[in-house]
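Peer 1: To be precise about what I am sending: the file is called run-v3.txt and holds compact mmCIF, C-alpha atoms and all ligand atoms.
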# COMPACT_ATOMS: atom_id res chain seq x y z
CA MET A 747 -12.40 -4.77 20.25
CA ASN A 748 -10.24 -7.43 21.90
CA PHE A 749 -7.11 -5.70 23.21
CA GLU A 750 -5.60 -9.07 24.22
CA ASP A 751 -5.40 -9.98 20.52
CA PRO A 752 -1.70 -10.81 19.90
CA ILE A 753 -1.63 -8.91 16.58
CA LEU A 754 -2.96 -5.80 18.25
CA GLN A 755 -0.64 -6.12 21.26
CA HIS A 756 2.54 -6.59 19.25
CA ALA A 757 1.93 -3.74 16.80
CA SER A 758 0.54 -1.40 19.45
CA ARG A 759 3.74 -1.69 21.48
CA ILE A 760 5.79 -0.69 18.43
CA VAL A 761 3.72 2.37 17.54
CA ALA A 762 3.12 3.62 21.10
CA HIS A 763 6.56 4.79 22.14
CA ASP A 764 9.68 6.22 20.53
CA GLU A 765 13.04 5.43 22.03
CA THR A 766 14.41 8.93 22.42
CA ASN A 767 13.00 12.23 21.22
CA ALA A 768 14.70 15.59 21.61
CA PHE A 769 13.56 17.43 24.78
CA ASP A 770 12.04 14.12 26.01
CA ALA A 771 9.03 15.03 23.89
CA VAL A 772 6.50 12.20 23.62
CA VAL A 773 6.04 13.16 19.97
CA PRO A 774 9.14 13.69 17.83
CA PRO A 775 9.74 17.27 16.67
CA ILE A 776 9.27 18.21 13.02
CA VAL A 777 12.81 18.99 11.92
CA GLN A 778 11.69 21.34 9.16
CA THR A 779 15.04 22.30 7.70
CA SER A 780 16.71 21.82 4.35
CA LEU A 781 20.30 21.67 5.64
CA PHE A 782 22.30 20.98 8.80
CA THR A 783 25.42 23.00 9.66
CA PHE A 784 28.74 21.71 11.00
CA SER A 785 30.36 23.26 14.04
CA THR A 786 33.90 22.69 12.73
CA TYR A 787 35.80 22.01 9.53
CA GLU A 788 36.98 18.71 11.05
CA GLU A 789 33.42 17.56 11.67
CA MET A 790 32.51 18.34 8.07
CA VAL A 791 35.49 16.40 6.71
CA ALA A 792 34.75 13.40 8.94
CA THR A 793 31.15 13.41 7.70
CA TYR A 794 32.16 13.56 4.04
CA ARG A 795 34.66 10.77 4.59
CA GLY A 796 31.88 8.65 6.06
CA GLU A 797 33.59 8.43 9.46
CA ILE A 798 30.54 9.84 11.21
CA SER A 799 26.92 9.56 10.20
CA ARG A 800 24.75 12.63 10.67
CA PRO A 801 22.26 14.66 8.60
CA VAL A 802 23.79 16.97 5.98
CA TYR A 803 20.88 17.81 3.69
CA THR A 804 17.24 16.77 3.98
CA ARG A 805 17.11 15.08 0.56
CA GLY A 806 19.56 12.53 2.02
CA LEU A 807 18.69 12.24 5.72
CA ASN A 808 16.28 14.00 8.05
CA PRO A 809 15.59 13.02 11.69
CA THR A 810 11.77 13.18 11.45
CA VAL A 811 11.79 11.13 8.25
CA ARG A 812 14.20 8.68 9.90
CA ALA A 813 11.86 8.25 12.90
CA PHE A 814 9.06 7.26 10.51
CA GLU A 815 11.36 4.87 8.61
CA GLU A 816 12.44 3.19 11.86
CA MET A 817 8.86 2.70 13.04
CA LEU A 818 7.79 1.21 9.72
CA ALA A 819 10.88 -1.07 9.58
CA LYS A 820 9.93 -2.43 13.03
CA LEU A 821 6.31 -3.00 12.00
CA GLU A 822 7.32 -4.87 8.83
CA GLY A 823 10.15 -6.75 10.59
CA GLY A 824 12.75 -5.31 8.18
CA GLU A 825 16.33 -4.24 8.88
CA ASP A 826 15.80 -0.89 7.19
CA ALA A 827 13.16 1.30 5.55
CA LEU A 828 13.16 4.28 3.22
CA GLY A 829 10.45 6.95 2.97
CA PHE A 830 9.31 8.53 -0.32
CA ALA A 831 7.24 11.47 -1.50
CA SER A 832 4.53 9.08 -2.77
CA GLY A 833 3.75 5.42 -3.22
CA MET A 834 4.60 5.81 -6.92
CA ALA A 835 8.02 7.26 -5.99
CA ALA A 836 8.62 4.15 -3.86
CA ILE A 837 7.52 1.89 -6.74
CA SER A 838 9.44 3.66 -9.52
CA SER A 839 12.64 4.13 -7.47
CA THR A 840 12.61 0.50 -6.33
CA VAL A 841 11.98 -0.96 -9.77
CA LEU A 842 14.54 1.30 -11.45
CA SER A 843 17.16 0.24 -8.91
CA PHE A 844 17.06 -3.38 -10.04
CA VAL A 845 16.49 -3.37 -13.82
CA LYS A 846 18.41 -2.29 -16.90
CA PRO A 847 17.55 -2.34 -20.63
CA GLY A 848 16.91 -5.86 -21.87
CA ASP A 849 15.76 -7.14 -18.46
CA ARG A 850 12.42 -8.77 -17.77
CA ILE A 851 10.01 -8.24 -14.86
CA VAL A 852 7.30 -10.71 -13.94
CA ALA A 853 4.27 -9.01 -12.39
CA VAL A 854 0.96 -10.31 -11.08
CA ARG A 855 -2.07 -9.02 -12.98
CA HIS A 856 -4.41 -6.41 -11.44
CA ILE A 857 -1.58 -4.36 -9.93
CA TYR A 858 -2.19 -0.71 -9.05
CA PRO A 859 -3.13 1.07 -12.32
CA ASP A 860 -0.34 3.67 -12.23
CA ALA A 861 2.27 0.97 -11.57
CA PHE A 862 0.83 -0.82 -14.62
CA ARG A 863 1.20 2.44 -16.61
CA LEU A 864 4.78 2.97 -15.39
CA PHE A 865 5.60 -0.53 -16.66
CA GLY A 866 3.77 0.03 -19.96
CA THR A 867 5.28 3.44 -20.74
CA LEU A 868 8.62 4.46 -19.16
CA LEU A 869 9.89 0.93 -18.61
CA ALA A 870 8.77 -0.17 -22.08
CA ARG A 871 10.72 2.78 -23.53
CA MET A 872 13.76 1.63 -21.55
CA ASN A 873 13.36 -1.77 -23.20
CA VAL A 874 12.37 -3.50 -19.97
CA ASP A 875 9.80 -6.19 -20.69
CA VAL A 876 6.98 -6.85 -18.21
CA VAL A 877 5.15 -10.17 -18.31
CA TYR A 878 1.84 -10.49 -16.41
CA VAL A 879 0.84 -13.72 -14.68
CA ASP A 880 -2.11 -14.89 -12.65
CA GLY A 881 -0.69 -14.89 -9.12
CA CYS A 882 -3.14 -17.64 -8.13
CA ASP A 883 -1.60 -19.97 -10.72
CA GLU A 884 1.71 -21.16 -9.24
CA ASP A 885 2.58 -23.14 -12.37
CA ALA A 886 2.25 -20.02 -14.52
CA VAL A 887 4.49 -18.12 -12.09
CA ARG A 888 7.05 -20.95 -12.08
CA LYS A 889 7.17 -20.92 -15.89
CA ALA A 890 7.53 -17.13 -16.11
CA LEU A 891 10.25 -16.62 -13.48
CA PRO A 892 13.45 -18.16 -14.94
CA GLY A 893 15.69 -15.40 -16.27
CA ALA A 894 13.59 -12.54 -14.82
CA LYS A 895 15.20 -9.77 -12.74
CA LEU A 896 12.28 -8.83 -10.56
CA PHE A 897 9.03 -10.42 -9.42
CA TYR A 898 6.50 -7.67 -8.69
CA MET A 899 3.57 -8.66 -6.49
CA GLU A 900 0.53 -7.00 -5.00
CA SER A 901 -1.72 -9.03 -2.72
CA PRO A 902 -4.55 -8.64 -2.12
CA THR A 903 -4.94 -6.51 -5.23
CA SER A 904 -6.86 -3.27 -4.84
CA TRP A 905 -9.80 -3.75 -7.19
CA VAL A 906 -10.71 -7.44 -7.47
CA MET A 907 -8.96 -8.23 -4.14
CA GLU A 908 -7.16 -11.24 -5.58
CA ALA A 909 -5.11 -12.78 -2.74
CA HIS A 910 -2.04 -14.91 -3.46
CA ASP A 911 -0.07 -17.40 -1.41
CA ILE A 912 2.83 -15.00 -1.22
CA GLY A 913 4.99 -17.34 0.88
CA ALA A 914 4.81 -19.95 -1.91
CA LEU A 915 5.40 -17.34 -4.66
CA ALA A 916 8.36 -15.82 -2.77
CA ALA A 917 9.90 -19.29 -2.42
CA LEU A 918 9.64 -19.76 -6.21
CA ALA A 919 11.30 -16.38 -6.81
CA ARG A 920 14.13 -17.34 -4.46
CA GLN A 921 14.54 -20.69 -6.21
CA TYR A 922 15.10 -18.91 -9.55
CA GLY A 923 17.26 -16.11 -8.07
CA VAL A 924 14.66 -13.41 -8.78
CA ILE A 925 14.31 -10.46 -6.38
CA SER A 926 10.73 -10.30 -5.10
CA VAL A 927 8.88 -7.13 -4.11
CA ILE A 928 5.30 -6.68 -2.91
CA ASP A 929 2.92 -3.76 -2.62
CA ASN A 930 1.44 -4.34 0.85
CA SER A 931 -0.75 -1.21 0.98
CA TRP A 932 -4.03 -3.14 1.28
CA ALA A 933 -3.19 -5.40 4.23
CA THR A 934 -0.62 -3.20 6.02
CA PRO A 935 1.94 -4.85 8.34
CA ILE A 936 -0.90 -5.35 10.84
CA PHE A 937 -2.43 -8.10 8.69
CA GLN A 938 0.43 -9.27 6.46
CA LYS A 939 4.20 -9.40 7.01
CA PRO A 940 5.68 -10.27 3.61
CA LEU A 941 9.33 -10.18 4.76
CA SER A 942 8.63 -12.96 7.27
CA LEU A 943 7.00 -14.94 4.43
CA GLY A 944 10.22 -14.77 2.39
CA VAL A 945 9.55 -11.74 0.15
CA ASP A 946 12.71 -9.60 -0.35
CA LEU A 947 11.18 -6.11 -0.33
CA VAL A 948 7.86 -4.65 0.79
CA LEU A 949 6.51 -1.26 -0.23
CA HIS A 950 3.48 0.87 0.53
CA SER A 951 1.47 3.78 -0.58
CA ALA A 952 1.62 5.39 2.88
CA SER A 953 -1.12 7.73 1.59
CA LYS A 954 -3.57 4.93 2.46
CA TYR A 955 -3.76 3.16 5.83
CA LEU A 956 -0.35 4.12 7.24
CA GLY A 957 -1.30 7.81 7.17
CA GLY A 958 -4.93 6.89 7.77
CA HIS A 959 -6.40 10.40 7.77
CA SER A 960 -6.42 11.31 4.04
CA ASP A 961 -4.09 14.24 4.66
CA VAL A 962 -0.76 13.02 3.27
CA VAL A 963 0.67 11.52 0.07
CA ALA A 964 3.74 9.38 0.80
CA GLY A 965 5.42 6.03 0.20
CA VAL A 966 7.84 3.68 1.93
CA LEU A 967 10.03 0.66 1.19
CA ALA A 968 11.33 -1.89 3.72
CA GLY A 969 13.62 -4.92 3.61
CA SER A 970 17.20 -5.98 4.23
CA LYS A 971 19.93 -3.36 4.76
CA ASP A 972 21.56 -4.53 1.55
CA LEU A 973 18.55 -4.27 -0.79
CA VAL A 974 17.11 -1.08 0.73
CA GLY A 975 20.68 0.29 0.65
CA ARG A 976 20.81 -0.26 -3.10
CA VAL A 977 17.71 1.90 -3.55
CA ARG A 978 19.04 4.46 -1.06
CA ALA A 979 22.36 4.75 -2.91
CA GLU A 980 21.16 5.84 -6.37
CA ALA A 981 17.46 5.98 -7.17
CA TYR A 982 16.52 7.71 -3.91
CA PRO A 983 18.90 10.69 -4.01
CA TYR A 984 19.07 11.11 -7.79
CA LEU A 985 15.41 10.67 -8.69
CA GLY A 986 14.78 12.80 -5.60
CA GLY A 987 11.30 11.62 -4.60
CA LYS A 988 12.05 12.21 -0.92
CA LEU A 989 9.58 12.32 1.95
CA SER A 990 9.13 15.72 3.63
CA PRO A 991 9.63 16.10 7.41
CA PHE A 992 6.08 17.35 7.90
CA ASP A 993 4.60 14.43 5.97
CA ALA A 994 6.78 12.01 7.98
CA TRP A 995 5.42 13.56 11.17
CA LEU A 996 1.83 13.13 9.92
CA LEU A 997 2.62 9.48 9.16
CA LEU A 998 4.05 8.90 12.65
CA ARG A 999 0.90 10.47 14.08
CA GLY A 1000 -1.28 8.25 11.87
CA MET A 1001 0.61 5.07 12.67
CA ARG A 1002 0.04 5.45 16.44
CA THR A 1003 -3.51 4.25 15.81
CA LEU A 1004 -2.87 1.92 12.86
CA PRO A 1005 -3.52 -1.33 14.82
CA VAL A 1006 -6.89 -0.24 16.26
CA ARG A 1007 -7.97 1.44 13.03
CA MET A 1008 -7.25 -1.72 11.03
CA LYS A 1009 -9.25 -3.85 13.46
CA ALA A 1010 -12.18 -1.43 13.15
CA HIS A 1011 -12.02 -1.30 9.32
CA GLU A 1012 -11.83 -5.10 9.26
CA ALA A 1013 -14.88 -5.69 11.45
CA SER A 1014 -17.09 -3.16 9.69
CA ALA A 1015 -16.09 -4.04 6.12
CA PHE A 1016 -16.40 -7.78 6.64
CA GLU A 1017 -19.88 -7.43 8.12
CA ILE A 1018 -20.98 -5.21 5.23
CA ALA A 1019 -19.41 -7.56 2.66
CA LYS A 1020 -21.37 -10.51 4.11
CA ARG A 1021 -24.65 -8.57 4.05
CA LEU A 1022 -24.03 -7.50 0.44
CA GLN A 1023 -23.31 -11.13 -0.46
CA ASN A 1024 -26.88 -11.95 0.64
CA HIS A 1025 -28.48 -8.93 -1.07
CA VAL A 1026 -30.82 -9.75 -3.97
CA GLN A 1027 -29.33 -7.03 -6.20
CA VAL A 1028 -25.72 -8.22 -5.77
CA GLU A 1029 -24.16 -10.78 -8.06
CA GLN A 1030 -20.76 -11.22 -6.43
CA VAL A 1031 -18.65 -9.79 -3.60
CA CYS A 1032 -14.86 -9.57 -4.04
CA HIS A 1033 -13.48 -9.71 -0.51
CA PRO A 1034 -10.58 -12.03 0.44
CA ALA A 1035 -12.44 -13.50 3.45
CA ILE A 1036 -15.91 -13.79 1.91
CA CYS A 1037 -15.71 -17.62 2.12
CA ASP A 1038 -14.99 -17.25 5.87
CA THR A 1039 -11.41 -18.47 5.56
CA LEU A 1040 -8.40 -16.22 5.26
CA PRO A 1041 -5.96 -16.80 2.39
CA ALA A 1042 -2.51 -18.17 3.41
CA GLY A 1043 -0.29 -15.56 5.03
CA LEU A 1044 -3.07 -13.06 5.70
CA ALA A 1045 -3.96 -12.47 9.37
CA GLY A 1046 -6.89 -10.15 8.74
CA THR A 1047 -8.63 -7.98 6.17
CA SER A 1048 -8.92 -4.25 5.62
CA GLY A 1049 -11.76 -1.92 4.68
CA LEU A 1050 -11.43 -2.01 0.88
CA PHE A 1051 -13.42 -4.43 -1.27
CA SER A 1052 -15.63 -4.45 -4.33
CA PHE A 1053 -18.87 -6.06 -5.43
CA ILE A 1054 -20.74 -6.56 -8.70
CA PHE A 1055 -24.35 -5.47 -9.10
CA LYS A 1056 -26.86 -7.62 -10.95
CA GLU A 1057 -28.32 -6.18 -14.16
CA GLY A 1058 -31.06 -3.65 -13.53
CA VAL A 1059 -29.30 -1.49 -10.95
CA ASP A 1060 -28.45 2.05 -12.07
CA VAL A 1061 -24.91 2.57 -10.73
CA SER A 1062 -25.02 6.36 -11.18
CA ALA A 1063 -28.29 6.60 -9.19
CA PHE A 1064 -26.76 4.37 -6.50
CA CYS A 1065 -23.67 6.61 -6.18
CA ASN A 1066 -25.71 9.82 -6.12
CA ALA A 1067 -28.07 8.46 -3.44
CA LEU A 1068 -25.24 7.60 -0.99
CA GLN A 1069 -24.80 9.93 2.00
CA TYR A 1070 -21.79 8.57 3.92
CA PHE A 1071 -19.93 6.99 1.01
CA LYS A 1072 -18.43 9.87 -0.99
CA LEU A 1073 -17.37 9.48 -4.61
CA GLY A 1074 -13.58 9.52 -4.51
CA VAL A 1075 -10.46 7.56 -5.34
CA SER A 1076 -7.80 6.61 -2.82
CA TRP A 1077 -8.76 4.86 0.44
CA GLY A 1078 -7.34 4.04 3.86
CA GLY A 1079 -8.61 7.14 5.65
CA HIS A 1080 -11.30 7.56 8.30
CA GLU A 1081 -13.99 8.18 5.67
CA SER A 1082 -16.09 5.86 3.52
CA LEU A 1083 -15.65 6.09 -0.26
CA VAL A 1084 -17.15 4.63 -3.41
CA VAL A 1085 -15.67 4.23 -6.93
CA PRO A 1086 -17.78 2.84 -9.81
CA ALA A 1087 -15.83 0.74 -12.33
CA GLU A 1088 -17.89 2.13 -15.24
CA VAL A 1089 -16.22 5.52 -14.56
CA VAL A 1090 -12.70 4.06 -14.24
CA LEU A 1091 -13.20 2.24 -17.55
CA GLN A 1092 -13.66 5.64 -19.25
CA GLN A 1093 -10.30 6.96 -18.00
CA LYS A 1094 -8.20 8.26 -20.88
CA ALA A 1095 -4.79 7.45 -19.33
CA GLN A 1096 -3.31 4.50 -21.18
CA PRO A 1097 -2.68 1.66 -20.82
CA ASN A 1098 -5.83 1.10 -18.75
CA SER A 1099 -5.49 -1.94 -16.50
CA ALA A 1100 -9.26 -2.04 -15.82
CA GLN A 1101 -9.83 -2.69 -19.54
CA THR A 1102 -6.79 -4.94 -19.94
CA PHE A 1103 -7.84 -7.25 -17.14
CA GLY A 1104 -11.56 -7.20 -17.85
CA ILE A 1105 -13.04 -5.57 -14.74
CA SER A 1106 -16.84 -5.76 -14.83
CA PRO A 1107 -18.52 -2.39 -15.58
CA ARG A 1108 -21.16 -3.33 -12.99
CA SER A 1109 -18.57 -3.53 -10.24
CA VAL A 1110 -18.27 -0.90 -7.53
CA ARG A 1111 -15.41 -0.48 -5.06
CA LEU A 1112 -16.10 0.53 -1.48
CA HIS A 1113 -13.79 1.79 1.21
CA VAL A 1114 -15.49 1.17 4.54
CA GLY A 1115 -14.46 3.94 6.90
CA LEU A 1116 -14.87 4.39 10.63
CA GLU A 1117 -18.39 5.89 10.73
CA GLY A 1118 -19.99 2.74 12.17
CA THR A 1119 -21.34 -0.42 10.56
CA GLU A 1120 -25.08 0.17 10.95
CA ALA A 1121 -25.00 3.74 9.64
CA LEU A 1122 -23.02 2.60 6.61
CA TRP A 1123 -25.22 -0.40 5.96
CA GLY A 1124 -28.35 1.75 6.15
CA ASP A 1125 -26.76 4.12 3.63
CA LEU A 1126 -25.96 1.29 1.19
CA GLU A 1127 -29.35 -0.38 1.53
CA SER A 1128 -31.35 2.78 0.82
CA ALA A 1129 -29.07 3.78 -2.07
CA ILE A 1130 -29.55 0.34 -3.67
CA ARG A 1131 -33.31 0.71 -3.24
CA ALA A 1132 -33.16 4.14 -4.93
CA ALA A 1133 -31.11 2.71 -7.83
CA LYS A 1134 -33.33 -0.25 -8.68
CA ASN A 1135 -34.87 0.22 -12.12
C1 LIG B 1201 -2.49 4.55 -4.09
C2 LIG B 1201 -1.72 3.32 -4.38
C3 LIG B 1201 -0.42 3.37 -4.87
C4 LIG B 1201 0.25 4.68 -5.25
O1 LIG B 1201 0.51 5.44 -4.13
P1 LIG B 1201 0.57 7.07 -4.16
O2 LIG B 1201 0.89 7.37 -2.75
O3 LIG B 1201 -0.76 7.54 -4.61
O4 LIG B 1201 1.65 7.43 -5.12
C5 LIG B 1201 0.27 2.19 -5.01
N1 LIG B 1201 -0.31 1.01 -4.74
C6 LIG B 1201 -1.57 0.91 -4.30
C7 LIG B 1201 -2.15 -0.44 -4.03
C8 LIG B 1201 -2.32 2.06 -4.11
O5 LIG B 1201 -3.59 1.97 -3.71
Starting from the file, give its structure as structure tokens.
Peer 2:
Amino acid sequence: MNFEDPILQHASRIVAHDETNAFDAVVPPIVQTSLFTFSTYEEMVATYRGEISRPVYTRGLNPTVRAFEEMLAKLEGGEDALGFASGMAAISSTVLSFVKPGDRIVAVRHIYPDAFRLFGTLLARMNVDVVYVDGCDEDAVRKALPGAKLFYMESPTSWVMEAHDIGALAALARQYGVISVIDNSWATPIFQKPLSLGVDLVLHSASKYLGGHSDVVAGVLAGSKDLVGRVRAEAYPYLGGKLSPFDAWLLLRGMRTLPVRMKAHEASAFEIAKRLQNHVQVEQVCHPAICDTLPAGLAGTSGLFSFIFKEGVDVSAFCNALQYFKLGVSWGGHESLVVPAEVVLQQKAQPNSAQTFGISPRSVRLHVGLEGTEALWGDLESAIRAAKN
């Protein structure tokens, strides 16, 4: 790994040190408390009047959660950030902060399936219309945007890894006065900084790479003080999907190694993607850098990609033969995972985005973990051999 790499240097400086921790601790304490007491009546009044800012109740403000928010805001280059109990809490609270009945959202296709379901169920019931566009087709986006309230992006997407020119799409949104938001879970701020490309808000499932150890479910939103403040004012306290102090502490711990982990996931996954591309049983590899050039705005690639088997490979035999790659959803942790599309296509939860957007039943998604490229490649090769009819 090249530690002189500017991406690695910049991010590593941000995650290495906190400004001030209680007791001069190198790691911030977990402030595991529901409420904070006031030493005097006067202090309480001044707090309620907004003359001083200090924690009152953990659903509103907690020092450990704040430390995580500040680190993430710095990594994304945002003025402010807001932590949530899950990525879906970040998505639902953000979207609900900017739409009302009768409004329209434009979304790129292939977004995270539960975001797709939120739009197709709760938002539909609220009479909020969601129109899906191909994010690679700038003309289609330009036609869809006028009159919309929100432009919801995800790039690269987390099954077919469709990567969009988000700088160009954000400029279109700005031109039509539409607030833009992107799910940046796949690339993380190490490889993509949407705010610097002109996107208004960036959100994450922190359960993935930010946490990085598959031991926390959390979400986060970052952007300008004004826009994040609008989410903080209503949706955050009243919907109540707040981040817990312990989970915030786990996220801070995970983010210390985010830059080096991302570099390791990138190197291993890209090598495996290229070898799969040349494998006789593989029809197509969906990885944003498979053509050896990175899409605009992306400075690197993560460990999640998919590929499509040729006919004649038994996907269930392949999955059962794998040793390192465990069958499991989610991704972004230390461990390698596999998800077959033919299983996802049987999911009862509706609407099902895999069906709606025509994902091939012969496609398989891999998360390449940190076990080492050659061990993982050996695992894949022998499992493919075992699965050949
Ligand atoms: C997992 C995921 C989410 C949802 O996050 P949770 O933390 O599970 O609520 C959102 N977007 C993407 C791309 C995801 O992979």
Peer 1: Kindly indicate which residue among A:Gly957, A:Gly823, A:Gly965, A:Gly1115 lies nearest to ligand LIG 1201 (chain B), using all atoms listed in the file for the distances.
Peer 2: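 Of the candidates, the smallest distance to ligand LIG 1201 (chain B) is held by A:Gly965.
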Peer 1: Check the smallest atom-to-atom distance from each of A:Pro902, A:Pro892, A:Gly944, A:Gly1058 to ligand LIG 1201 (chain B) using all atoms listed in the file, then report the winner.
Peer 2: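 Closest residue, counting all atoms listed in the file: A:Pro902.
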Peer 1: Distance limit 9 Å, reference ligand LIG 1201 (chain B), atoms considered: all atoms listed in the file. Which residues make the cut? Give them as an MDAnalysis selection string.
Peer 2: chainID A and resid 830:837 857:861 900:905 929:932 949:954 962:965 1075:1078
Peer 1: Export, as a PDB file, in the frame of the given file, the selected residues with C-alpha atoms.
Peer 2:
ATOM      1  CA  PHE A 830       9.310   8.530  -0.320  1.00  0.00           C
ATOM      2  CA  ALA A 831       7.240  11.470  -1.500  1.00  0.00           C
ATOM      3  CA  SER A 832       4.530   9.080  -2.770  1.00  0.00           C
ATOM      4  CA  GLY A 833       3.750   5.420  -3.220  1.00  0.00           C
ATOM      5  CA  MET A 834       4.600   5.810  -6.920  1.00  0.00           C
ATOM      6  CA  ALA A 835       8.020   7.260  -5.990  1.00  0.00           C
ATOM      7  CA  ALA A 836       8.620   4.150  -3.860  1.00  0.00           C
ATOM      8  CA  ILE A 837       7.520   1.890  -6.740  1.00  0.00           C
ATOM      9  CA  ILE A 857      -1.580  -4.360  -9.930  1.00  0.00           C
ATOM     10  CA  TYR A 858      -2.190  -0.710  -9.050  1.00  0.00           C
ATOM     11  CA  PRO A 859      -3.130   1.070 -12.320  1.00  0.00           C
ATOM     12  CA  ASP A 860      -0.340   3.670 -12.230  1.00  0.00           C
ATOM     13  CA  ALA A 861       2.270   0.970 -11.570  1.00  0.00           C
ATOM     14  CA  GLU A 900       0.530  -7.000  -5.000  1.00  0.00           C
ATOM     15  CA  SER A 901      -1.720  -9.030  -2.720  1.00  0.00           C
ATOM     16  CA  PRO A 902      -4.550  -8.640  -2.120  1.00  0.00           C
ATOM     17  CA  THR A 903      -4.940  -6.510  -5.230  1.00  0.00           C
ATOM     18  CA  SER A 904      -6.860  -3.270  -4.840  1.00  0.00           C
ATOM     19  CA  TRP A 905      -9.800  -3.750  -7.190  1.00  0.00           C
ATOM     20  CA  ASP A 929       2.920  -3.760  -2.620  1.00  0.00           C
ATOM     21  CA  ASN A 930       1.440  -4.340   0.850  1.00  0.00           C
ATOM     22  CA  SER A 931      -0.750  -1.210   0.980  1.00  0.00           C
ATOM     23  CA  TRP A 932      -4.030  -3.140   1.280  1.00  0.00           C
ATOM     24  CA  LEU A 949       6.510  -1.260  -0.230  1.00  0.00           C
ATOM     25  CA  HIS A 950       3.480   0.870   0.530  1.00  0.00           C
ATOM     26  CA  SER A 951       1.470   3.780  -0.580  1.00  0.00           C
ATOM     27  CA  ALA A 952       1.620   5.390   2.880  1.00  0.00           C
ATOM     28  CA  SER A 953      -1.120   7.730   1.590  1.00  0.00           C
ATOM     29  CA  LYS A 954      -3.570   4.930   2.460  1.00  0.00           C
ATOM     30  CA  VAL A 962      -0.760  13.020   3.270  1.00  0.00           C
ATOM     31  CA  VAL A 963       0.670  11.520   0.070  1.00  0.00           C
ATOM     32  CA  ALA A 964       3.740   9.380   0.800  1.00  0.00           C
ATOM     33  CA  GLY A 965       5.420   6.030   0.200  1.00  0.00           C
ATOM     34  CA  VAL A1075     -10.460   7.560  -5.340  1.00  0.00           C
ATOM     35  CA  SER A1076      -7.800   6.610  -2.820  1.00  0.00           C
ATOM     36  CA  TRP A1077      -8.760   4.860   0.440  1.00  0.00           C
ATOM     37  CA  GLY A1078      -7.340   4.040   3.860  1.00  0.00           C
TER      38      GLY A1078
END
Peer 1: Write out as number ranges by chain each polymer residue whose atoms come within 9 Å of stretch 750-754 of chain A, counting only C-alpha atoms; drop sequence neighbours fewer than 5 positions from it.
Peer 2: A: 759, 936-937, 1005-1006, 1009, 1045
Peer 1: Can I get the selection written as a CSV table (one decimal), keeping the file's coordinate frame, with C-alpha atoms?
Peer 2:
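Result went into part_23.csv, see below:
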chain,number,residue,atom,x,y,z
A,759,ARG,CA,3.7,-1.7,21.5
A,936,ILE,CA,-0.9,-5.4,10.8
A,937,PHE,CA,-2.4,-8.1,8.7
A,1005,PRO,CA,-3.5,-1.3,14.8
A,1006,VAL,CA,-6.9,-0.2,16.3
A,1009,LYS,CA,-9.2,-3.8,13.5
A,1045,ALA,CA,-4.0,-12.5,9.4
Peer 1: One decimal, Å: what's the distance from atom CA of A:Arg920 over to atom CA of A:Lys846, could you say?
Peer 2: 20.0 Å
Peer 1: For atom CA of A:Arg850 and atom CA of A:Pro1041, determine how far apart the two atoms are, in Å to one decimal place.
Peer 2: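 The value is 28.4 Å.
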Peer 1: Go through A:Asn1066, A:Ser942, A:Asn808, A:Gln1092 one by one, measure the shortest atom-to-atom distance of each to A:Asp993 using only C-alpha atoms, and give the residue with the smallest value.
Peer 2: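 Distance minimum relative to A:Asp993 lands on A:Asn808.
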Peer 1: Compile the contact shell of A:Pro775 as a count of residues only: residues with an atom at most 7 Å away, counting all atoms listed in the file, same-chain residues fewer than 2 positions apart removed.
Peer 2: 3
Peer 1: Suppose you want the space between atom CA of A:Gly881 and atom CA of A:Pro1086; what is it in Å?
Peer 2: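 Going from atom CA of A:Gly881 over to atom CA of A:Pro1086, I get 24.6 Å.
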